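Structure, as structure tokens:
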Amino acid sequence: MLHGLKTSVRPVEEDDIDEIYQWYNDQEVNLWSTGAWPLNTLLSKEQISIKFLDGSSDGYRYSILDENKYLIGTIGFKELNIPSRSATLFVVIGNKSFWGKGYGTDALIIFARYLFTQWNFHRISLDTWDGNLRAIKAYEKVGFKIEGRLREARYVLGSYQDAILMGLLKSEFLAMHGN
Ligand SMILES: CC(C)(COP(=O)(O)OP(=O)(O)OC[C@H]1O[C@@H](n2cnc3c(N)ncnc32)[C@H](O)[C@@H]1OP(=O)(O)O)[C@@H](O)C(=O)NCCC(=O)NCCS
């Protein structure tokens, strides 16, 4: 278990799946996460189970807990590139009452430290869309820098939005947050 100031991060457990299933098929969570709604297909509980409990499927996924060890979100990484020691990060605080209270930033800091020191990554990337100012702000607090913009790459609620590409190097992270 990884411990931060407000959150802990641990592997996903079977008991987490019911709640993750609710978030995964929730309109507001999806809108902020990917801009996508309606989804092409809703995922079944079984599909969510495979996605979250089988680490080799399409990424490595972990659960985020609050101070009381209550499940509030998920975090993980995918697209590992071994020679360049890089990966793509993703994060969702699925429990909406925890948005904007520092939990996402705290979880990202402990998870980035884990990726840089345990997995020995050199760089991590992530992306969002330009209307997700809360996410961009949280990522900047962790140390991510905006590196690029894919013009009108996302379609959100009837209008095109730019995708924002962000990156963080190990050296920058350690200089900002220490080991
Ligand atoms: C994105 C997410 C992980 C961020 O975590 P969080 O706990 O909500 O964010 P934090 O509270 O740590 O930081 C958010 C910052 O943005 C600020 N913020 C919130 N809403 C904002 C807005 N509309 N405009 C500008 N800044 C905003 C907050 O004030 C805070 O900054 P501060 O600490 O300087 O006050 C979380 O909101 C989430 O999972 N949202 C839904 C799914 C999603 O968007 N996932 C990311 C997909 S790329």
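Ligands are numbered from 1 in the order shown, chains are lettered A, B, ... in the order of the structure tokens, and residues start at 1 in each chain.
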Exercise. Could you report the residues within 10 Å of ligand 1, using only C-alpha atoms and all ligand atoms, as a PyMOL selection string?
Key: chain A and resi 23+28-35+72-75+89-109+126-142+163-165
Selection near Ile50 in chain A, 12 Å with only C-alpha atoms, sequence-local residues under 4 positions removed, as a compact mmCIF listing (two decimals) with all heavy atoms, in the first residue's frame:
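Now in out_26.txt:
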```txt
# COMPACT_ATOMS: atom_id res chain seq x y z
N VAL A 12 -6.29 -3.23 -6.93
CA VAL A 12 -7.76 -3.35 -6.96
C VAL A 12 -8.15 -4.71 -6.39
O VAL A 12 -7.52 -5.73 -6.69
CB VAL A 12 -8.28 -3.23 -8.42
CG1 VAL A 12 -9.79 -3.42 -8.46
CG2 VAL A 12 -7.89 -1.88 -9.02
N GLU A 13 -9.19 -4.72 -5.53
CA GLU A 13 -9.69 -5.98 -4.95
C GLU A 13 -11.07 -6.28 -5.52
O GLU A 13 -11.77 -5.38 -5.97
CB GLU A 13 -9.77 -5.84 -3.43
CG GLU A 13 -8.38 -5.67 -2.81
CD GLU A 13 -8.42 -5.37 -1.31
OE1 GLU A 13 -9.53 -5.27 -0.74
OE2 GLU A 13 -7.33 -5.22 -0.73
N GLU A 14 -11.46 -7.54 -5.41
CA GLU A 14 -12.76 -7.96 -5.97
C GLU A 14 -13.92 -7.14 -5.40
O GLU A 14 -14.85 -6.79 -6.12
CB GLU A 14 -12.98 -9.44 -5.69
CG GLU A 14 -13.02 -10.26 -6.97
CD GLU A 14 -13.15 -11.74 -6.70
OE1 GLU A 14 -12.08 -12.34 -6.49
OE2 GLU A 14 -14.28 -12.23 -6.69
N ILE A 17 -15.19 -3.90 -7.22
CA ILE A 17 -15.72 -3.92 -8.59
C ILE A 17 -17.11 -3.30 -8.70
O ILE A 17 -17.39 -2.56 -9.65
CB ILE A 17 -15.69 -5.35 -9.16
CG1 ILE A 17 -14.23 -5.84 -9.27
CG2 ILE A 17 -16.38 -5.43 -10.52
CD1 ILE A 17 -13.33 -5.01 -10.18
N TYR A 21 -17.78 -0.28 -11.25
CA TYR A 21 -18.77 -0.50 -12.33
C TYR A 21 -19.73 0.70 -12.43
O TYR A 21 -20.03 1.18 -13.52
CB TYR A 21 -19.54 -1.80 -12.03
CG TYR A 21 -20.77 -2.03 -12.84
CD1 TYR A 21 -20.69 -2.43 -14.17
CD2 TYR A 21 -22.04 -1.87 -12.29
CE1 TYR A 21 -21.83 -2.66 -14.92
CE2 TYR A 21 -23.18 -2.09 -13.03
CZ TYR A 21 -23.07 -2.48 -14.35
OH TYR A 21 -24.20 -2.70 -15.09
N LEU A 43 -20.10 -1.08 -20.21
CA LEU A 43 -19.35 -2.29 -19.84
C LEU A 43 -20.13 -3.07 -18.79
O LEU A 43 -20.72 -2.48 -17.88
CB LEU A 43 -17.98 -1.91 -19.28
CG LEU A 43 -16.97 -1.34 -20.28
CD1 LEU A 43 -15.66 -1.05 -19.57
CD2 LEU A 43 -16.73 -2.31 -21.42
N SER A 44 -20.14 -4.38 -18.92
CA SER A 44 -20.79 -5.23 -17.92
C SER A 44 -19.87 -5.36 -16.71
O SER A 44 -18.67 -5.05 -16.79
CB SER A 44 -21.07 -6.61 -18.49
OG SER A 44 -19.84 -7.28 -18.69
N LYS A 45 -20.44 -5.84 -15.60
CA LYS A 45 -19.63 -6.01 -14.40
C LYS A 45 -18.49 -7.01 -14.66
O LYS A 45 -17.38 -6.86 -14.16
CB LYS A 45 -20.52 -6.50 -13.26
CG LYS A 45 -20.17 -5.87 -11.95
CD LYS A 45 -21.20 -6.16 -10.90
CE LYS A 45 -22.19 -5.03 -10.75
NZ LYS A 45 -23.13 -5.22 -9.66
N GLU A 46 -18.79 -8.01 -15.47
CA GLU A 46 -17.76 -9.02 -15.77
C GLU A 46 -16.60 -8.39 -16.58
O GLU A 46 -15.43 -8.65 -16.33
CB GLU A 46 -18.40 -10.16 -16.56
CG GLU A 46 -17.57 -11.41 -16.52
CD GLU A 46 -18.10 -12.47 -17.47
OE1 GLU A 46 -19.23 -12.34 -17.95
OE2 GLU A 46 -17.34 -13.41 -17.74
N ASP A 54 -7.34 -8.19 -13.97
CA ASP A 54 -6.32 -8.88 -14.75
C ASP A 54 -5.30 -7.84 -15.22
O ASP A 54 -5.50 -7.16 -16.22
CB ASP A 54 -6.96 -9.59 -15.95
CG ASP A 54 -5.91 -10.20 -16.87
OD1 ASP A 54 -4.72 -10.15 -16.53
OD2 ASP A 54 -6.30 -10.70 -17.94
N GLY A 55 -4.19 -7.75 -14.47
CA GLY A 55 -3.21 -6.70 -14.70
C GLY A 55 -2.63 -6.67 -16.10
O GLY A 55 -2.14 -5.65 -16.54
N SER A 56 -2.71 -7.78 -16.83
CA SER A 56 -2.05 -7.79 -18.13
C SER A 56 -2.98 -7.38 -19.27
O SER A 56 -2.56 -7.28 -20.40
CB SER A 56 -1.51 -9.19 -18.41
OG SER A 56 -2.59 -10.09 -18.42
N SER A 57 -4.30 -7.15 -18.97
CA SER A 57 -5.24 -6.91 -20.06
C SER A 57 -4.92 -5.64 -20.85
O SER A 57 -4.46 -5.71 -21.98
CB SER A 57 -6.68 -6.89 -19.56
OG SER A 57 -6.83 -5.88 -18.61
N ASP A 58 -5.15 -4.47 -20.27
CA ASP A 58 -4.79 -3.25 -21.02
C ASP A 58 -4.21 -2.20 -20.08
O ASP A 58 -4.45 -1.03 -20.24
CB ASP A 58 -6.00 -2.71 -21.79
CG ASP A 58 -7.05 -2.15 -20.85
OD1 ASP A 58 -7.04 -2.53 -19.67
OD2 ASP A 58 -7.85 -1.31 -21.28
N GLY A 59 -3.44 -2.65 -19.11
CA GLY A 59 -2.82 -1.69 -18.21
C GLY A 59 -2.82 -2.21 -16.79
O GLY A 59 -3.37 -3.27 -16.51
N TYR A 60 -2.16 -1.48 -15.92
CA TYR A 60 -2.05 -1.86 -14.51
C TYR A 60 -2.92 -0.88 -13.72
O TYR A 60 -2.71 0.33 -13.78
CB TYR A 60 -0.60 -1.78 -14.07
CG TYR A 60 0.27 -2.79 -14.79
CD1 TYR A 60 0.78 -2.51 -16.07
CD2 TYR A 60 0.57 -4.02 -14.21
CE1 TYR A 60 1.56 -3.44 -16.74
CE2 TYR A 60 1.35 -4.95 -14.89
CZ TYR A 60 1.84 -4.66 -16.14
OH TYR A 60 2.61 -5.57 -16.81
N ARG A 61 -3.86 -1.42 -12.96
CA ARG A 61 -4.84 -0.55 -12.29
C ARG A 61 -4.80 -0.73 -10.77
O ARG A 61 -4.62 -1.83 -10.28
CB ARG A 61 -6.25 -0.87 -12.81
CG ARG A 61 -6.40 -0.47 -14.26
CD ARG A 61 -7.58 -1.15 -14.93
NE ARG A 61 -7.48 -0.96 -16.36
CZ ARG A 61 -7.94 0.10 -17.03
NH1 ARG A 61 -8.56 1.06 -16.38
NH2 ARG A 61 -7.75 0.20 -18.33
```
Practice problem: Check the smallest atom-to-atom distance from each of A:Leu115, A:Leu174, A:Ile64, A:Val156 to Lys6 in chain A using only C-alpha atoms, then report the winner. | Solution: A:Ile64
Exercise. Write out as an MDAnalysis selection string each polymer residue whose atoms come within 10 Å of Glu67 in chain A, counting only C-alpha atoms; drop sequence neighbours fewer than 6 positions from it.
Key: chainID A and resid 3:8 103
Quiz item: In Å to one decimal, how far is CA of Tyr62 in chain A from CA of Val9 in chain A?
Solution: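 Answer for the CA of Val9 in chain A to CA of Tyr62 in chain A separation: 6.4 Å.
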Practice problem: Compare A:Ile110, A:Leu80, A:Met166, A:Leu65 by their minimum atom-to-atom distance to Gly178 in chain A, counting only C-alpha atoms, and give me the closest one. | Solution: A:Ile110
